[in-house]
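Quick look at start-v2.cif (mmCIF, C-alpha atoms):
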data_target
#
loop_
_atom_site.label_atom_id
_atom_site.label_comp_id
_atom_site.auth_asym_id
_atom_site.auth_seq_id
_atom_site.Cartn_x
_atom_site.Cartn_y
_atom_site.Cartn_z
CA MET A 254 6.30 -26.33 -16.49
CA TYR A 255 6.45 -23.13 -14.48
CA ARG A 256 8.07 -20.68 -16.90
CA GLY A 257 5.53 -18.48 -18.69
CA ARG A 258 2.61 -20.27 -17.07
CA GLU A 259 0.09 -19.17 -14.41
CA GLY A 260 2.53 -19.40 -11.49
CA MET A 261 5.13 -17.16 -13.12
CA LEU A 262 2.50 -14.75 -14.41
CA ALA A 263 1.07 -14.42 -10.89
CA TRP A 264 4.58 -13.90 -9.46
CA ALA A 265 5.46 -11.21 -12.05
CA ALA A 266 2.16 -9.37 -11.63
CA HIS A 267 2.45 -9.59 -7.83
CA ARG A 268 5.93 -8.07 -7.98
CA ALA A 269 4.98 -5.32 -10.46
CA ALA A 270 1.93 -4.40 -8.36
CA GLY A 271 3.99 -4.47 -5.16
CA VAL A 272 6.66 -2.16 -6.58
CA GLY A 273 3.97 0.23 -7.85
CA ILE A 274 2.19 0.28 -4.49
CA VAL A 275 5.40 0.88 -2.51
CA LEU A 276 6.34 3.80 -4.81
CA PHE A 277 2.89 5.30 -4.25
CA LEU A 278 3.29 4.71 -0.51
CA VAL A 279 6.41 6.94 -0.54
CA ALA A 280 4.42 9.73 -2.22
CA HIS A 281 1.40 9.15 0.02
CA VAL A 282 3.31 9.37 3.33
CA ILE A 283 4.89 12.63 2.15
CA ASP A 284 1.58 14.13 0.92
CA ILE A 285 -0.29 13.23 4.12
CA SER A 286 2.54 14.76 6.16
CA LEU A 287 1.39 18.13 4.74
CA MET A 288 -1.47 17.82 7.28
CA GLY A 289 1.09 19.11 9.75
CA PHE A 290 1.51 22.34 7.75
CA GLY A 291 -2.10 23.50 7.82
CA PRO A 292 -5.10 23.49 5.45
CA LYS A 293 -3.65 25.69 2.68
CA SER A 294 -0.73 23.49 1.68
CA PHE A 295 -2.70 20.26 2.26
CA ASN A 296 -5.67 21.33 0.11
CA ALA A 297 -3.36 22.63 -2.63
CA MET A 298 -1.62 19.23 -2.72
CA LEU A 299 -4.98 17.37 -2.77
CA HIS A 300 -6.05 19.44 -5.77
CA LEU A 301 -3.27 17.71 -7.76
CA TYR A 302 -5.02 14.38 -7.16
CA THR A 303 -8.23 15.59 -8.82
CA ASN A 304 -6.86 16.07 -12.34
CA PRO A 305 -7.91 13.38 -14.88
CA ILE A 306 -4.45 11.77 -15.09
CA ALA A 307 -4.34 11.38 -11.31
CA ARG A 308 -7.91 10.00 -11.37
CA LEU A 309 -6.73 7.39 -13.88
CA GLY A 310 -3.79 6.72 -11.55
CA GLU A 311 -6.30 6.13 -8.74
CA VAL A 312 -7.89 3.33 -10.81
CA VAL A 313 -4.46 1.83 -11.62
CA LEU A 314 -3.64 1.95 -7.90
CA LEU A 315 -6.93 0.21 -7.09
CA ALA A 316 -6.08 -2.53 -9.62
CA ALA A 317 -2.60 -2.97 -8.12
CA VAL A 318 -3.88 -3.11 -4.52
CA LEU A 319 -6.74 -5.46 -5.38
CA PHE A 320 -4.58 -7.90 -7.36
CA HIS A 321 -1.76 -7.83 -4.79
CA ALA A 322 -4.24 -8.50 -1.95
CA LEU A 323 -6.07 -11.33 -3.76
CA ASN A 324 -2.88 -12.98 -5.01
CA GLY A 325 -1.40 -12.54 -1.52
CA ILE A 326 -4.31 -14.58 -0.16
CA ARG A 327 -3.57 -17.17 -2.89
CA ILE A 328 0.08 -17.32 -1.75
CA GLY A 329 -1.09 -17.79 1.85
CA ILE A 330 -3.35 -20.68 0.81
CA ILE A 331 -0.50 -22.28 -1.22
CA ASP A 332 1.89 -21.97 1.75
CA PHE A 333 -0.40 -23.00 4.59
CA SER A 334 -3.05 -25.33 3.18
CA PRO A 335 -2.07 -29.00 2.61
CA CYS A 336 -3.59 -29.06 -0.88
CA GLY A 337 -2.58 -25.48 -1.79
CA VAL A 338 0.34 -26.32 -4.09
CA ARG A 339 -1.73 -28.84 -6.04
CA ILE A 340 -4.46 -26.31 -6.84
CA HIS A 341 -2.24 -23.22 -7.38
CA ARG A 342 -3.41 -22.85 -11.01
CA ALA A 343 -7.08 -23.07 -10.10
CA LEU A 344 -6.40 -20.53 -7.34
CA PHE A 345 -4.84 -18.20 -9.93
CA TYR A 346 -7.98 -18.33 -12.06
CA ALA A 347 -10.08 -17.73 -8.95
CA VAL A 348 -7.95 -14.62 -8.28
CA VAL A 349 -8.52 -13.40 -11.85
CA VAL A 350 -12.29 -13.96 -11.65
CA VAL A 351 -12.69 -12.23 -8.26
CA PHE A 352 -10.37 -9.43 -9.41
CA LEU A 353 -12.45 -8.71 -12.52
CA ALA A 354 -15.75 -9.03 -10.65
CA VAL A 355 -14.66 -6.39 -8.12
CA PHE A 356 -12.39 -4.19 -10.24
CA LEU A 357 -14.63 -3.54 -13.25
CA PRO A 358 -17.64 -2.15 -11.34
CA ALA A 359 -15.34 -0.30 -8.90
CA ALA A 360 -13.41 1.32 -11.77
CA TYR A 361 -16.72 2.39 -13.32
CA VAL A 362 -17.79 4.03 -10.03
CA LEU A 363 -14.47 5.89 -9.73
CA LEU A 364 -14.41 7.09 -13.34
CA ARG A 365 -18.10 7.69 -14.14
CA ASP A 366 -18.00 11.45 -13.39
CA ILE A 367 -15.06 12.03 -15.74
CA ILE A 368 -16.10 9.73 -18.60
CA LEU A 369 -19.84 10.44 -18.68
CA MET B 41 27.43 -16.51 -6.55
CA SER B 42 25.17 -14.17 -4.68
CA VAL B 43 26.25 -12.69 -1.42
CA ARG B 44 24.02 -13.28 1.56
CA ILE B 45 23.83 -10.37 3.92
CA PHE B 46 20.92 -11.56 6.04
CA ARG B 47 21.73 -14.83 7.83
CA GLY B 48 20.25 -17.39 10.17
CA SER B 49 16.50 -17.60 10.55
CA PHE B 50 15.94 -14.02 9.30
CA GLU B 51 14.38 -15.21 6.03
CA LEU B 52 12.01 -17.53 7.90
CA TYR B 53 10.73 -14.65 10.03
CA SER B 54 10.61 -12.43 6.93
CA TRP B 55 8.45 -15.03 5.14
CA LEU B 56 6.11 -15.41 8.14
CA PHE B 57 5.89 -11.64 8.66
CA MET B 58 4.94 -11.04 5.01
CA ARG B 59 2.02 -13.50 5.32
CA ILE B 60 0.71 -12.15 8.64
CA SER B 61 1.12 -8.46 7.76
CA GLY B 62 -0.25 -9.17 4.29
CA ILE B 63 -3.52 -10.55 5.64
CA ALA B 64 -3.86 -7.62 8.06
CA LEU B 65 -3.05 -5.10 5.31
CA ALA B 66 -5.53 -6.66 2.88
CA ALA B 67 -8.29 -5.91 5.41
CA LEU B 68 -7.00 -2.48 6.53
CA VAL B 69 -6.25 -1.15 3.03
CA VAL B 70 -9.57 -2.37 1.61
CA ILE B 71 -11.43 -0.57 4.43
CA HIS B 72 -9.25 2.53 3.85
CA LEU B 73 -9.98 2.51 0.09
CA ILE B 74 -13.73 1.86 0.41
CA TYR B 75 -14.14 4.59 3.02
CA LEU B 76 -12.01 7.36 1.47
CA HIS B 77 -12.37 6.64 -2.26
CA PHE B 78 -15.92 5.30 -2.52
CA PHE B 79 -17.90 6.69 0.44
CA ILE B 80 -16.14 10.07 0.43
CA GLY B 81 -14.36 10.28 -2.93
CA VAL B 82 -11.12 11.97 -3.99
CA GLU B 83 -12.89 15.18 -5.08
CA GLN B 84 -14.47 15.61 -1.61
CA ILE B 85 -11.43 14.90 0.58
CA ASN B 86 -9.88 18.01 2.13
CA PHE B 87 -8.04 19.15 5.23
CA SER B 88 -11.09 19.19 7.49
CA VAL B 89 -12.20 15.70 6.38
CA VAL B 90 -8.83 14.27 7.45
CA ALA B 91 -8.72 16.47 10.56
CA SER B 92 -12.13 15.31 11.75
CA ARG B 93 -11.10 11.69 11.18
CA TRP B 94 -7.97 12.25 13.26
CA ALA B 95 -10.11 13.80 15.99
CA SER B 96 -11.17 10.25 16.81
CA PRO B 97 -8.51 8.12 18.54
CA GLY B 98 -9.84 5.01 16.80
CA TRP B 99 -9.04 6.30 13.30
CA LYS B 100 -5.69 7.63 14.52
CA ILE B 101 -4.77 4.13 15.72
CA PHE B 102 -6.18 2.60 12.50
CA ASP B 103 -4.04 4.90 10.34
CA LEU B 104 -0.97 4.40 12.53
CA VAL B 105 -1.23 0.58 12.47
CA MET B 106 -1.83 0.63 8.71
CA LEU B 107 1.16 2.95 8.21
CA LEU B 108 3.52 0.79 10.29
CA LEU B 109 2.39 -2.45 8.60
CA ALA B 110 2.51 -0.91 5.09
CA LEU B 111 6.00 0.51 5.63
CA SER B 112 7.32 -2.78 7.06
CA HIS B 113 5.65 -4.98 4.42
CA GLY B 114 6.60 -2.62 1.58
CA GLY B 115 10.11 -2.05 2.91
CA ASN B 116 10.77 -5.77 3.25
CA GLY B 117 9.26 -6.37 -0.20
CA ALA B 118 11.57 -3.72 -1.67
CA ARG B 119 14.50 -5.39 0.12
CA ILE B 120 13.62 -8.74 -1.49
CA VAL B 121 13.28 -7.16 -4.97
CA LEU B 122 16.64 -5.37 -4.62
CA GLU B 123 18.26 -8.64 -3.49
CA ASP B 124 16.93 -10.40 -6.59
CA TYR B 125 18.47 -7.98 -9.07
CA ILE B 126 21.59 -6.67 -7.32
CA ARG B 127 24.16 -9.43 -7.04
CA ARG B 128 27.40 -7.63 -6.15
CA ARG B 129 28.02 -7.16 -2.44
CA VAL B 130 29.05 -3.49 -2.53
CA TRP B 131 26.03 -2.48 -4.61
CA ARG B 132 23.77 -4.54 -2.37
CA ILE B 133 25.04 -2.81 0.76
CA ALA B 134 24.69 0.59 -0.97
CA ALA B 135 21.12 -0.22 -2.07
CA PHE B 136 20.17 -1.40 1.43
CA ALA B 137 21.65 1.76 2.92
CA VAL B 138 19.58 3.98 0.59
CA LEU B 139 16.46 1.90 1.25
CA GLY B 140 17.07 2.07 4.99
CA ILE B 141 17.47 5.87 4.96
CA ILE B 142 14.28 6.40 2.90
CA TRP B 143 12.44 3.88 5.11
CA ALA B 144 13.50 5.57 8.38
CA ALA B 145 12.62 9.02 7.00
CA LEU B 146 9.12 7.86 6.00
CA LEU B 147 8.62 6.16 9.36
CA ILE B 148 9.55 9.36 11.24
CA VAL B 149 7.58 11.73 8.99
CA GLY B 150 4.50 9.48 8.86
CA THR B 151 4.20 8.65 12.56
CA HIS B 152 5.08 12.22 13.55
CA VAL B 153 2.21 13.81 11.59
CA VAL B 154 -0.38 11.37 12.96
CA LEU B 155 0.85 11.50 16.57
CA THR B 156 1.37 15.27 16.83
CA PHE B 157 -1.79 16.31 14.97
CA ASP B 158 -4.02 18.26 17.38
CA PRO B 159 -7.52 18.90 16.00
CA SER B 160 -8.70 20.79 19.13
CA SER B 161 -6.71 23.94 18.27
CA LEU B 162 -8.22 23.91 14.77
CA GLN B 163 -11.74 23.49 16.15
CA GLU B 164 -11.22 26.55 18.34
CA ALA B 165 -9.98 28.51 15.32
CA GLY B 166 -13.08 27.43 13.38
CA ILE B 167 -11.15 25.66 10.62
CA VAL B 168 -12.70 22.28 11.46
CA SER B 169 -16.26 21.78 12.62
#
What is this file in structure tokens?
Amino acid sequence: MYRGREGMLAWAAHRAAGVGIVLFLVAHVIDISLMGFGPKSFNAMLHLYTNPIARLGEVVLLAAVLFHALNGIRIGIIDFSPCGVRIHRALFYAVVVVFLAVFLPAAYVLLRDIIL
Amino acid sequence: MSVRIFRGSFELYSWLFMRISGIALAALVVIHLIYLHFFIGVEQINFSVVASRWASPGWKIFDLVMLLLALSHGGNGARIVLEDYIRRRVWRIAAFAVLGIIWAALLIVGTHVVLTFDPSSLQEAGIVS
């Protein structure tokens, strides 16, 4: 069974994270292009990223990037290693464990000055 | 029946490209995030921080390579997602056209700002140390 199990969950999360990252990439290329218009406009734009909602968005972005990168490595192992397909479920749980081990402390570091 | 617009071995190269660029991006983006969001932090980033980074050719190349890989990987990913949900040929062509225009605009805007940025004039004006 694939439907609703680890493989499909990983695929859906990979896609959702990918779409989120690519939408942020559009915004990010445009905001960095303000570097070409001098310090005033660039710093005014950066100020928008310091409000609490944007800071929460930063943590969501970190989660998306981290999961997409780890699951991308899982996909690479499934595609290129001879035993990859057989252990794809175990690899999914490895992705979840590494994700939580990195994300939770990292999210704390990013948010500690606004929650404490 | 879905309509195939990309033919031949395109999907094979697409598949291979996503794996190779993905591995490279995992490393580049993680370095980018650790450096700018953890060592510096969003509250501390400003014009002169970015300007002094772009004063070094190494970071300019880093950012340029990351930009090109991210746009290609993300653009191809968006293409695959659109292909999964848009089945009719006319809508598919329209969606690819819109994606292509946005993609080209981002490529031009993004590479232009990195390549034309000249920190020496700002150092003379005292904006950047």
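Separating CA of Ala317 (chain A) from CA of Ala347 (chain A) is a distance of 16.6 Å.
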With all atoms listed in the file counted, which protein, DNA or RNA residues have an atom no more than 12 Å from (-0.1, -20.2, 1.8) in the file frame? Please answer as a PyMOL selection string. (chain A and resi 324-341+344) or (chain B and resi 55-56+58-60+62-63)
Please compute the CA of Ala110 (chain B)-CA of Leu65 (chain B) distance, one decimal, in Å. 7.0 Å
Taking the file above as input, evaluate the PyMOL selection byres ((chain A) within 9 of (chain B)) and report the hits as a PyMOL selection string. chain A and resi 268+271-272+274-275+278-279+282-283+285-289+291-293+295-296+299-300+302-303+308+311+315+318-319+321-323+325-326+328-329+359+362-363
Tell me, as a PyMOL selection string, which residues lie within 12 Å of Arg132 (chain B), counting all atoms listed in the file; anything in the same chain fewer than 2 positions away does not count. chain B and resi 42-46+119-130+134-140
Do you have the CA of Asp366 (chain A)-CA of Phe79 (chain B) distance handy? 14.6 Å
Let me know the centre plus edge lengths, in Å and rounded to one decimal, of a box with edges along x, y and z that contains all listed atoms of region 149-156 of chain B and is padded by 5 Å on every side, as JSON.
{"center_x": 3.6, "center_y": 12.0, "center_z": 12.8, "size_x": 18.0, "size_y": 16.6, "size_z": 18.0}
